[in-house]
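Shown here: query_3.cif, mmCIF, C-alpha atoms.
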data_coords
#
loop_
_atom_site.label_atom_id
_atom_site.label_comp_id
_atom_site.auth_asym_id
_atom_site.auth_seq_id
_atom_site.Cartn_x
_atom_site.Cartn_y
_atom_site.Cartn_z
CA MET A 177 57.88 -48.13 33.95
CA THR A 178 59.32 -51.45 34.91
CA PHE A 179 57.90 -54.75 33.72
CA ARG A 180 56.65 -55.48 37.22
CA ALA A 181 54.79 -52.16 37.45
CA ALA A 182 53.25 -52.72 34.04
CA CYS A 183 51.99 -56.19 35.09
CA LEU A 184 50.53 -54.82 38.27
CA THR A 185 48.76 -52.09 36.35
CA LEU A 186 47.26 -54.60 33.96
CA VAL A 187 46.11 -56.87 36.77
CA PHE A 188 44.63 -53.92 38.64
CA ALA A 189 42.85 -52.70 35.54
CA ALA A 190 41.45 -56.17 34.90
CA LEU A 191 40.29 -56.91 38.40
CA THR A 192 38.89 -53.56 39.44
CA PRO A 193 35.86 -53.75 37.12
CA VAL A 194 35.14 -57.25 38.34
CA ALA A 195 35.22 -56.10 41.93
CA SER A 196 32.93 -53.21 41.15
CA LYS A 197 30.69 -55.34 38.88
CA ALA A 198 31.51 -53.16 35.93
CA GLN A 199 32.51 -54.14 32.46
CA PHE A 200 34.74 -53.01 29.72
CA THR A 201 32.99 -51.29 26.89
CA ALA A 202 34.17 -50.27 23.54
CA TYR A 203 33.38 -46.68 22.60
CA VAL A 204 32.44 -46.18 19.00
CA SER A 205 32.45 -42.56 18.05
CA PRO A 206 29.38 -41.45 16.08
CA THR A 207 29.72 -40.26 12.57
CA ARG A 208 30.14 -36.55 12.40
CA PRO A 209 27.02 -34.81 11.13
CA ASN A 210 27.23 -33.09 7.85
CA THR A 211 27.92 -29.51 8.61
CA ASP A 212 26.35 -28.32 5.38
CA SER A 213 22.66 -28.86 6.15
CA ALA A 214 21.44 -27.49 2.80
CA LYS A 215 23.64 -29.85 0.91
CA ALA A 216 22.56 -32.73 3.13
CA ALA A 217 18.91 -31.94 2.52
CA ILE A 218 19.42 -31.91 -1.26
CA VAL A 219 21.19 -35.21 -1.08
CA ALA A 220 18.38 -36.68 1.05
CA VAL A 221 15.71 -35.51 -1.40
CA GLN A 222 17.59 -36.91 -4.39
CA ARG A 223 18.06 -40.17 -2.56
CA ALA A 224 14.37 -40.35 -1.74
CA ARG A 225 13.40 -39.64 -5.36
CA SER A 226 15.68 -42.32 -6.61
CA ASP A 227 14.44 -44.76 -4.01
CA SER A 228 11.42 -46.39 -5.64
CA ASN A 229 10.39 -48.04 -2.39
CA ALA A 230 10.09 -44.72 -0.61
CA ARG A 231 8.20 -43.20 -3.54
CA ALA A 232 5.74 -46.09 -3.54
CA SER A 233 5.11 -45.82 0.16
CA ILE A 234 4.42 -42.08 -0.09
CA THR A 235 1.96 -42.66 -2.93
CA ASN A 236 0.20 -45.36 -1.02
CA MET A 237 0.02 -43.12 2.00
CA LYS A 238 -1.79 -40.42 0.01
CA ALA A 239 -4.25 -42.94 -1.37
CA TRP A 240 -4.87 -44.32 2.07
CA VAL A 241 -5.49 -40.86 3.53
CA ASP A 242 -7.87 -39.99 0.68
CA SER A 243 -9.81 -43.18 1.08
CA ALA A 244 -10.01 -42.72 4.81
CA ALA A 245 -11.31 -39.20 4.28
CA GLY A 246 -13.98 -40.44 1.92
CA VAL A 247 -12.64 -38.88 -1.27
CA ALA A 248 -13.37 -41.02 -4.30
CA GLN A 249 -10.38 -41.93 -6.37
CA THR A 250 -10.83 -40.60 -9.86
CA SER A 251 -8.87 -41.91 -12.71
CA PRO A 252 -9.15 -40.81 -16.33
CA ALA A 253 -9.20 -44.42 -17.42
CA ASP A 254 -11.92 -45.40 -15.00
CA THR A 255 -15.13 -43.95 -16.46
CA THR A 256 -17.44 -45.54 -13.93
CA VAL A 257 -15.79 -43.72 -11.13
CA ALA A 258 -15.69 -40.48 -13.09
CA THR A 259 -19.41 -40.52 -13.97
CA THR A 260 -20.85 -41.60 -10.64
CA PRO A 261 -20.91 -39.10 -7.85
CA PRO A 262 -19.07 -40.00 -4.70
CA ALA A 263 -21.10 -41.85 -2.13
CA THR A 264 -20.15 -39.42 0.55
CA PRO A 265 -19.52 -35.73 0.15
CA PRO A 266 -15.94 -34.59 0.26
CA ALA A 267 -14.74 -34.43 3.77
CA THR A 268 -14.68 -30.84 4.81
CA PRO A 269 -14.04 -29.73 8.34
CA ALA A 270 -17.30 -29.20 10.15
CA PRO A 271 -17.89 -25.54 10.88
CA VAL A 272 -17.28 -24.81 14.50
CA PRO A 273 -20.33 -23.05 15.92
CA ALA A 274 -19.29 -19.66 17.11
CA ALA A 275 -20.52 -18.52 20.46
CA PRO A 276 -23.62 -16.44 19.78
CA THR A 277 -23.38 -12.97 21.15
CA HIS A 278 -27.04 -11.99 20.84
CA ASN A 279 -29.28 -11.90 23.84
CA THR A 280 -30.95 -15.14 24.83
CA THR A 281 -34.70 -14.71 24.48
CA SER A 282 -35.75 -18.35 24.31
CA PHE A 283 -34.48 -21.59 25.75
CA SER A 284 -32.17 -23.87 23.82
CA ASN A 285 -29.67 -26.46 24.93
CA GLY A 286 -26.34 -24.77 25.66
CA ALA A 287 -27.74 -21.27 25.48
CA GLN A 288 -26.23 -18.37 27.34
CA ALA A 289 -27.91 -16.96 30.39
CA PRO A 290 -30.37 -14.16 29.60
CA ALA A 291 -28.93 -10.67 29.52
CA THR A 292 -29.73 -9.36 32.96
CA ALA A 293 -26.97 -6.77 32.90
CA SER A 294 -28.23 -3.21 33.15
CA TYR A 295 -26.81 0.32 33.15
CA LEU A 296 -29.54 1.54 35.47
CA PRO A 297 -27.56 1.38 38.75
CA LEU A 298 -24.70 3.22 37.08
CA ILE A 299 -27.06 5.88 35.71
CA ALA A 300 -28.65 6.34 39.12
CA ALA A 301 -25.29 6.61 40.86
CA LEU A 302 -23.95 9.11 38.33
CA GLY A 303 -27.10 11.18 38.60
CA LEU A 304 -26.97 11.33 42.37
CA ALA A 305 -23.26 12.12 42.32
CA SER A 306 -23.75 14.95 39.82
CA LEU A 307 -26.60 16.36 41.84
CA SER A 308 -24.57 16.25 45.03
CA VAL A 309 -21.53 17.94 43.50
CA GLY A 310 -23.72 20.62 41.88
CA ILE A 311 -25.46 21.38 45.16
CA VAL A 312 -22.13 21.58 47.00
CA LEU A 313 -20.72 23.95 44.38
CA LEU A 314 -23.76 26.19 44.51
CA ALA A 315 -23.83 26.22 48.28
CA GLY A 316 -20.14 27.05 48.49
CA ARG A 317 -20.57 29.91 46.06
CA LYS A 318 -23.44 31.39 48.05
CA ARG A 319 -21.43 31.14 51.24
CA VAL A 320 -18.58 33.05 49.62
CA MET B 105 -19.13 32.58 36.73
CA CYS B 106 -17.44 29.40 35.52
CA LYS B 107 -18.03 27.74 38.84
CA ARG B 108 -21.68 28.68 38.77
CA LEU B 109 -22.06 27.33 35.23
CA SER B 110 -20.42 24.08 36.26
CA ALA B 111 -22.71 23.76 39.22
CA VAL B 112 -25.81 24.40 37.13
CA PHE B 113 -24.60 21.93 34.47
CA LEU B 114 -24.00 19.24 37.08
CA LEU B 115 -27.39 19.90 38.62
CA VAL B 116 -29.16 19.61 35.29
CA VAL B 117 -27.30 16.47 34.22
CA GLY B 118 -27.70 14.92 37.65
CA ALA B 119 -31.39 15.67 37.73
CA ALA B 120 -31.87 14.21 34.26
CA LEU B 121 -30.00 11.01 35.06
CA SER B 122 -31.78 10.64 38.36
CA LEU B 123 -35.14 11.16 36.69
CA VAL B 124 -34.36 8.53 34.07
CA ALA B 125 -33.34 6.01 36.72
CA ALA B 126 -36.22 6.86 39.03
CA GLY B 127 -38.69 6.66 36.17
CA ARG B 128 -37.41 3.26 35.14
CA TYR B 129 -37.53 1.94 38.70
CA GLY B 130 -40.96 3.47 39.25
CA THR B 131 -42.32 1.92 36.07
CA GLY B 132 -40.99 -1.42 37.18
CA TRP B 133 -42.61 -1.19 40.57
CA TYR B 134 -45.94 -0.13 39.09
CA ARG B 135 -45.86 -2.97 36.59
CA ARG B 136 -44.88 -5.37 39.36
CA ASP B 137 -47.98 -4.45 41.33
CA GLN B 138 -50.12 -4.93 38.26
CA ILE B 139 -48.66 -8.39 37.67
CA ARG B 140 -49.26 -9.40 41.27
CA GLN B 141 -52.89 -8.36 40.95
CA GLN B 142 -53.18 -10.32 37.72
CA TRP B 143 -51.70 -13.35 39.44
CA VAL B 144 -54.11 -13.16 42.35
CA ALA B 145 -57.02 -12.76 39.99
CA ALA B 146 -55.86 -15.70 37.90
CA LEU B 147 -55.55 -17.89 40.96
CA ALA B 148 -58.99 -16.88 42.13
CA ARG B 149 -60.52 -17.79 38.79
CA SER B 150 -58.88 -21.14 38.46
CA ASP B 151 -60.63 -23.95 40.27
CA VAL B 152 -59.63 -27.58 40.17
CA ALA B 153 -61.46 -28.34 36.97
CA SER B 154 -60.00 -25.44 35.07
CA ALA B 155 -56.56 -26.19 36.45
CA ARG B 156 -56.82 -29.74 35.18
CA ALA B 157 -58.06 -28.56 31.83
CA LEU B 158 -55.20 -26.13 31.64
CA ALA B 159 -52.77 -28.85 32.54
CA GLU B 160 -54.13 -31.05 29.79
CA SER B 161 -53.69 -28.28 27.26
CA ALA B 162 -50.42 -27.12 28.69
CA SER B 163 -48.57 -28.71 25.82
CA ASP B 164 -49.61 -25.76 23.70
CA ALA B 165 -47.38 -23.59 25.87
CA SER B 166 -49.55 -20.68 24.86
CA VAL B 167 -48.34 -18.31 27.53
CA SER B 168 -48.06 -14.81 26.16
CA VAL B 169 -45.07 -12.69 26.96
CA GLY B 170 -45.72 -10.42 29.92
CA SER B 171 -48.38 -12.58 31.55
CA PRO B 172 -47.75 -14.14 34.97
CA VAL B 173 -46.77 -17.80 34.89
CA ALA B 174 -45.64 -18.65 38.41
CA ARG B 175 -44.85 -17.43 41.86
CA LEU B 176 -41.33 -17.70 43.23
CA VAL B 177 -40.62 -17.78 46.95
CA ILE B 178 -37.13 -17.98 48.45
CA PRO B 179 -37.38 -17.81 52.25
CA ARG B 180 -33.66 -17.33 52.89
CA ILE B 181 -33.51 -14.05 51.00
CA GLU B 182 -37.12 -13.06 51.76
CA LEU B 183 -38.09 -13.05 48.11
CA ASP B 184 -41.69 -13.45 47.07
CA GLU B 185 -42.29 -12.45 43.47
CA VAL B 186 -44.63 -13.30 40.64
CA VAL B 187 -42.77 -14.46 37.55
CA VAL B 188 -43.85 -13.28 34.11
CA GLU B 189 -43.25 -14.88 30.76
CA GLY B 190 -40.31 -13.36 28.90
CA VAL B 191 -36.89 -12.00 29.72
CA GLY B 192 -37.03 -8.77 27.77
CA SER B 193 -36.14 -5.40 29.18
CA ASP B 194 -39.72 -4.53 30.14
CA GLU B 195 -40.41 -7.87 31.77
CA LEU B 196 -37.21 -7.91 33.82
CA ASN B 197 -37.77 -4.31 34.83
CA ALA B 198 -41.00 -5.36 36.52
CA THR B 199 -40.45 -8.85 37.91
CA PRO B 200 -38.34 -11.97 37.41
CA GLY B 201 -38.87 -13.44 33.97
CA HIS B 202 -39.43 -17.00 32.82
CA LEU B 203 -37.33 -17.85 29.77
CA PRO B 204 -39.70 -18.77 26.92
CA GLY B 205 -39.18 -22.30 25.70
CA SER B 206 -37.95 -23.56 29.04
CA ALA B 207 -40.13 -25.78 31.19
CA ILE B 208 -42.79 -24.50 33.53
CA PRO B 209 -41.48 -24.94 37.10
CA GLY B 210 -42.31 -28.42 38.34
CA TYR B 211 -42.68 -29.98 34.93
CA ARG B 212 -40.16 -32.19 33.25
CA GLY B 213 -37.29 -30.12 31.89
CA ASN B 214 -35.27 -27.12 32.88
CA ALA B 215 -37.26 -24.12 34.08
CA VAL B 216 -35.20 -20.94 33.79
CA ILE B 217 -36.03 -17.78 35.73
CA SER B 218 -33.92 -14.63 35.42
CA ALA B 219 -33.96 -11.24 37.11
CA HIS B 220 -31.83 -8.15 37.54
CA ARG B 221 -29.20 -8.11 40.26
CA ASP B 222 -30.15 -4.61 41.35
CA ARG B 223 -33.80 -5.42 41.85
CA HIS B 224 -35.48 -8.74 42.59
CA PHE B 225 -32.35 -10.90 42.70
CA ASP B 226 -30.23 -8.42 44.63
CA ARG B 227 -29.72 -11.00 47.36
CA LEU B 228 -29.47 -14.07 45.19
CA GLY B 229 -25.76 -14.26 45.95
CA GLU B 230 -26.63 -15.20 49.55
CA LEU B 231 -28.27 -18.40 48.39
CA GLN B 232 -26.21 -21.47 49.22
CA VAL B 233 -26.36 -25.14 48.34
CA GLY B 234 -29.02 -26.75 50.52
CA ASP B 235 -31.34 -23.73 50.67
CA THR B 236 -34.93 -24.27 49.68
CA ILE B 237 -37.01 -22.58 47.01
CA GLU B 238 -40.76 -22.74 46.47
CA THR B 239 -42.61 -22.31 43.23
CA GLU B 240 -46.28 -22.17 42.56
CA THR B 241 -47.96 -22.42 39.21
CA ARG B 242 -51.64 -22.56 38.45
CA GLN B 243 -51.47 -26.33 38.60
CA GLN B 244 -49.11 -27.22 41.40
CA ARG B 245 -46.73 -26.20 44.10
CA ASP B 246 -43.17 -27.47 44.33
CA ARG B 247 -40.31 -27.27 46.76
CA TRP B 248 -36.77 -27.26 45.52
CA VAL B 249 -33.35 -27.58 47.06
CA VAL B 250 -30.34 -25.73 45.69
CA VAL B 251 -27.83 -28.29 44.45
CA GLN B 252 -25.38 -26.12 42.54
CA ARG B 253 -24.13 -22.56 42.57
CA ARG B 254 -21.71 -21.38 39.92
CA VAL B 255 -20.40 -18.21 38.33
CA ILE B 256 -19.66 -18.23 34.62
CA ASP B 257 -18.74 -15.80 31.90
CA GLU B 258 -21.67 -14.05 30.24
CA HIS B 259 -20.88 -15.71 26.89
CA ALA B 260 -20.42 -19.20 28.28
CA PRO B 261 -23.10 -21.84 27.70
CA ALA B 262 -25.21 -21.84 30.82
CA LEU B 263 -28.56 -23.47 30.14
CA PHE B 264 -28.99 -27.13 29.31
CA SER B 265 -31.92 -29.45 28.76
CA THR B 266 -32.58 -31.88 31.58
CA PRO B 267 -34.67 -35.04 31.57
CA THR B 268 -35.99 -34.34 35.06
CA PRO B 269 -37.59 -31.25 36.61
CA THR B 270 -34.91 -28.65 37.25
CA LEU B 271 -35.10 -25.05 38.32
CA THR B 272 -32.41 -22.61 37.20
CA LEU B 273 -32.16 -19.06 38.50
CA THR B 274 -29.84 -16.61 36.77
CA THR B 275 -28.72 -13.07 37.36
CA CYS B 276 -25.68 -10.92 36.75
CA TRP B 277 -22.50 -11.26 38.77
CA PRO B 278 -20.94 -9.57 40.70
CA ILE B 279 -24.04 -8.28 42.44
CA ARG B 280 -22.31 -5.04 43.43
CA PHE B 281 -20.83 -3.74 40.21
CA PHE B 282 -20.99 -0.45 38.33
CA GLY B 283 -22.04 -0.95 34.72
CA PRO B 284 -23.01 -4.18 33.00
CA ALA B 285 -21.69 -7.05 35.08
CA PRO B 286 -19.43 -9.38 33.09
CA ASP B 287 -20.44 -12.69 34.66
CA ARG B 288 -23.57 -14.65 35.47
CA LEU B 289 -24.61 -16.35 38.69
CA ILE B 290 -26.35 -19.64 37.98
CA ILE B 291 -28.33 -21.36 40.74
CA THR B 292 -29.57 -24.87 40.02
CA ALA B 293 -32.22 -26.58 42.14
CA ARG B 294 -33.88 -29.99 42.12
CA PRO B 295 -37.25 -31.05 43.51
CA ILE B 296 -36.99 -32.02 47.13
CA ALA B 297 -39.09 -35.16 46.71
CA ALA B 298 -40.34 -37.15 43.80
CA ASN B 299 -43.26 -35.12 42.61
CA SER B 300 -46.21 -37.39 42.02
CA HIS B 301 -48.22 -34.77 40.22
CA THR B 302 -45.46 -33.75 37.86
CA ARG B 303 -46.71 -33.95 34.33
CA ALA B 304 -44.77 -33.82 31.14
CA LEU B 305 -45.32 -30.81 28.97
#
Encoded form using structure tokens:
Amino acid sequence: MTFRAACLTLVFAALTPVASKAQFTAYVSPTRPNTDSAKAAIVAVQRARSDSNARASITNMKAWVDSAAGVAQTSPADTTVATTPPATPPATPAPVPAAPTHNTTSFSNGAQAPATASYLPLIAALGLASLSVGIVLLAGRKRV
Amino acid sequence: MCKRLSAVFLLVVGAALSLVAAGRYGTGWYRRDQIRQQWVAALARSDVASARALAESASDASVSVGSPVARLVIPRIELDEVVVEGVGSDELNATPGHLPGSAIPGYRGNAVISAHRDRHFDRLGELQVGDTIETETRQQRDRWVVVQRRVIDEHAPALFSTPTPTLTLTTCWPIRFFGPAPDRLIITARPIAANSHTRAL
């Protein structure tokens, strides 16, 4: 490449982004992830254990969750807390009322509709069908 | 020989099933007539004074299961039945049943009336929003307009307390179905006009 061609290339490369309202950017390649995930996890755990700040925040988080749930903090050194019962019972998930399957015989809010289903039409239809088939069979036999 | 035995077996089984069904239907019709007579007699006995006295003591809700509590008229499906207290097998076999604990039709609260789809409510599916219903108790008469019609699963919550007079009719769905129908048809109606003689139970 001649010097003139090189200058033209540089000028073209410099002016083209301006004309197209683009800009030069520098590409920084990301760090390659550790291929050994097990080893990386061990390293992360050890780093977290050695990091006192992270340990403190996790401890505080547990205390905060317990206090929000209404669980009294008990400490062996704190006898007042240990001897007095908690103001509120331990937070346990409220039992979800299962849909009752028994027949509704009295009104209550949210009750199922009374059991109006009946086998009687089916019984009547089966009876009539059996009678009809039996009569046809007997009649056919007599005809033969 | 085998064919003859099969025929005889089918005849016997068919006759037995038909007798069971016919007996059940016949018992229901007989009981229905009895309830209608009881209702007419009760209406004849009750004059204005006794009706007022009954209304005053209505808070006791001392209606025994099997006794007539109201009359239900639905012009669109040509239904005119006396409603008894209770939704047990015997009550529903005879007439539509009033769900114990629900309001008396016309009073504040939700009045629930149920019936079988193959008997008294066999045409309930024809009822549409806007149709009118009439109820008559020993104290008052009311006219209702259907405001909602829905089909729900048999295990789904269907009945809810209401602060105002509401009439709810229930039956099985689909109407034409062999065996126990899996769904319920729920018809909800509201009083057509503000009922001045509506009393709280």
Each residue of chain B lying at most 7 Å from chain A should get a row with its shortest atom-to-atom pair and the distance in Å to one decimal, counting all atoms listed in the file; could you produce that, ordered by chain and increasing number, as CSV?
residue,atom,partner,partner_atom,distance
B:Arg108,CA,A:Leu314,CA,6.6
B:Ala111,CA,A:Gly310,CA,4.2
B:Val112,CA,A:Gly310,CA,6.4
B:Leu114,CA,A:Gly310,CA,5.0
B:Leu115,CA,A:Leu307,CA,4.9
B:Val117,CA,A:Ser306,CA,6.8
B:Gly118,CA,A:Gly303,CA,3.9
B:Ala119,CA,A:Gly303,CA,6.3
B:Leu121,CA,A:Gly303,CA,4.6
B:Ser122,CA,A:Gly303,CA,4.7
B:Ala125,CA,A:Ala300,CA,5.3
B:Val191,CA,A:Thr281,CA,6.3
B:Leu203,CA,A:Ser282,CA,5.7
B:Pro204,CA,A:Ser282,CA,4.8
B:Gly205,CA,A:Phe283,CA,4.8
B:Ser206,CA,A:Phe283,CA,5.2
B:Ser218,CA,A:Pro290,CA,6.8
B:Ala219,CA,A:Thr292,CA,6.2
B:His220,CA,A:Thr292,CA,5.2
B:Glu258,CA,A:Ala289,CA,6.9
B:His259,CA,A:Gln288,CA,6.0
B:Ala260,CA,A:Gln288,CA,5.9
B:Pro261,CA,A:Gln288,CA,4.7
B:Ala262,CA,A:Gln288,CA,5.0
B:Leu263,CA,A:Gly286,CA,5.2
B:Phe264,CA,A:Asn285,CA,4.5
B:Ser265,CA,A:Asn285,CA,5.4
B:Thr274,CA,A:Ala289,CA,6.7
B:Thr275,CA,A:Thr292,CA,5.8
B:Cys276,CA,A:Thr292,CA,5.8
B:Phe282,CA,A:Leu298,CA,5.4
B:Gly283,CA,A:Tyr295,CA,5.2
B:Pro284,CA,A:Ala293,CA,4.7
B:Ala285,CA,A:Ala293,CA,5.7
Checklist entry - Near Val144 (chain B), within 12 Å and counting only C-alpha atoms, which residues show up once chain neighbours fewer than 3 positions away are dropped, as number ranges by chain? => result B: 137-141, 147-150, 172-175, 185-186, 240-242
Would you put the residues from that selection into a file with C-alpha atoms, as a short mmCIF file (atom, residue, chain, number, x, y, z; two decimals), in the frame of the given file?
data_model
loop_
_atom_site.label_atom_id
_atom_site.label_comp_id
_atom_site.auth_asym_id
_atom_site.auth_seq_id
_atom_site.Cartn_x
_atom_site.Cartn_y
_atom_site.Cartn_z
CA ASP B 137 -47.98 -4.45 41.33
CA GLN B 138 -50.12 -4.93 38.26
CA ILE B 139 -48.66 -8.39 37.67
CA ARG B 140 -49.26 -9.40 41.27
CA GLN B 141 -52.89 -8.36 40.95
CA LEU B 147 -55.55 -17.89 40.96
CA ALA B 148 -58.99 -16.88 42.13
CA ARG B 149 -60.52 -17.79 38.79
CA SER B 150 -58.88 -21.14 38.46
CA PRO B 172 -47.75 -14.14 34.97
CA VAL B 173 -46.77 -17.80 34.89
CA ALA B 174 -45.64 -18.65 38.41
CA ARG B 175 -44.85 -17.43 41.86
CA GLU B 185 -42.29 -12.45 43.47
CA VAL B 186 -44.63 -13.30 40.64
CA GLU B 240 -46.28 -22.17 42.56
CA THR B 241 -47.96 -22.42 39.21
CA ARG B 242 -51.64 -22.56 38.45
#
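Selection check: the PyMOL selection byres ((chain B and resi 194-198) around 9) on the shown file gives Thr292 of chain A; Arg128, Tyr129, Thr131, Gly132, Trp133, Tyr134, Arg135, Arg136, Asp137, Ile139, Val169, Gly170, Val188, Glu189, Gly190, Val191, Gly192, Ser193, Thr199, Pro200, Gly201, Ser218, Ala219, His220, Arg223 and His224 of chain B.
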Item to check | Chain and number of each residue from the PyMOL selection byres ((chain B and resi 231) around 12), as number ranges by chain | outcome: B: 178-183, 225-230, 232-237, 249-254, 273-274, 289-293
Could you turn the residues from that selection into a file that holds C-alpha atoms, as a compact mmCIF listing (two decimals), keeping the file's coordinate frame?
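This went into again.txt:
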# COMPACT_ATOMS: atom_id res chain seq x y z
CA ILE B 178 -37.13 -17.98 48.45
CA PRO B 179 -37.38 -17.81 52.25
CA ARG B 180 -33.66 -17.33 52.89
CA ILE B 181 -33.51 -14.05 51.00
CA GLU B 182 -37.12 -13.06 51.76
CA LEU B 183 -38.09 -13.05 48.11
CA PHE B 225 -32.35 -10.90 42.70
CA ASP B 226 -30.23 -8.42 44.63
CA ARG B 227 -29.72 -11.00 47.36
CA LEU B 228 -29.47 -14.07 45.19
CA GLY B 229 -25.76 -14.26 45.95
CA GLU B 230 -26.63 -15.20 49.55
CA GLN B 232 -26.21 -21.47 49.22
CA VAL B 233 -26.36 -25.14 48.34
CA GLY B 234 -29.02 -26.75 50.52
CA ASP B 235 -31.34 -23.73 50.67
CA THR B 236 -34.93 -24.27 49.68
CA ILE B 237 -37.01 -22.58 47.01
CA VAL B 249 -33.35 -27.58 47.06
CA VAL B 250 -30.34 -25.73 45.69
CA VAL B 251 -27.83 -28.29 44.45
CA GLN B 252 -25.38 -26.12 42.54
CA ARG B 253 -24.13 -22.56 42.57
CA ARG B 254 -21.71 -21.38 39.92
CA LEU B 273 -32.16 -19.06 38.50
CA THR B 274 -29.84 -16.61 36.77
CA LEU B 289 -24.61 -16.35 38.69
CA ILE B 290 -26.35 -19.64 37.98
CA ILE B 291 -28.33 -21.36 40.74
CA THR B 292 -29.57 -24.87 40.02
CA ALA B 293 -32.22 -26.58 42.14
Checklist entry - In Å to one decimal, how far is CA of Val187 (chain B) from CA of Arg288 (chain B)? => result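 Pair CA of Arg288 (chain B) / CA of Val187 (chain B) returns 19.3 Å.
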Item to check | Polymer residues at most 10 Å from (-35.6, -30.3, 36.6) by all atoms listed in the file, as a list in words | outcome: Ala207, Ile208, Pro209, Gly210, Tyr211, Arg212, Gly213, Asn214, Ala215, Val216, Trp248, Ser265, Thr266, Pro267, Thr268, Pro269, Thr270, Leu271, Thr272, Thr292, Ala293, Arg294 and Pro295 of chain B
Item to check | Distance in Å - CA of Val255 (chain B) versus CA of Asp287 (chain B) | outcome: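 These two atoms are separated by 6.6 Å.
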Checklist entry - Any idea what the distance is between CA of Thr239 (chain B) and CA of Ile217 (chain B)? => result 11.0 Å
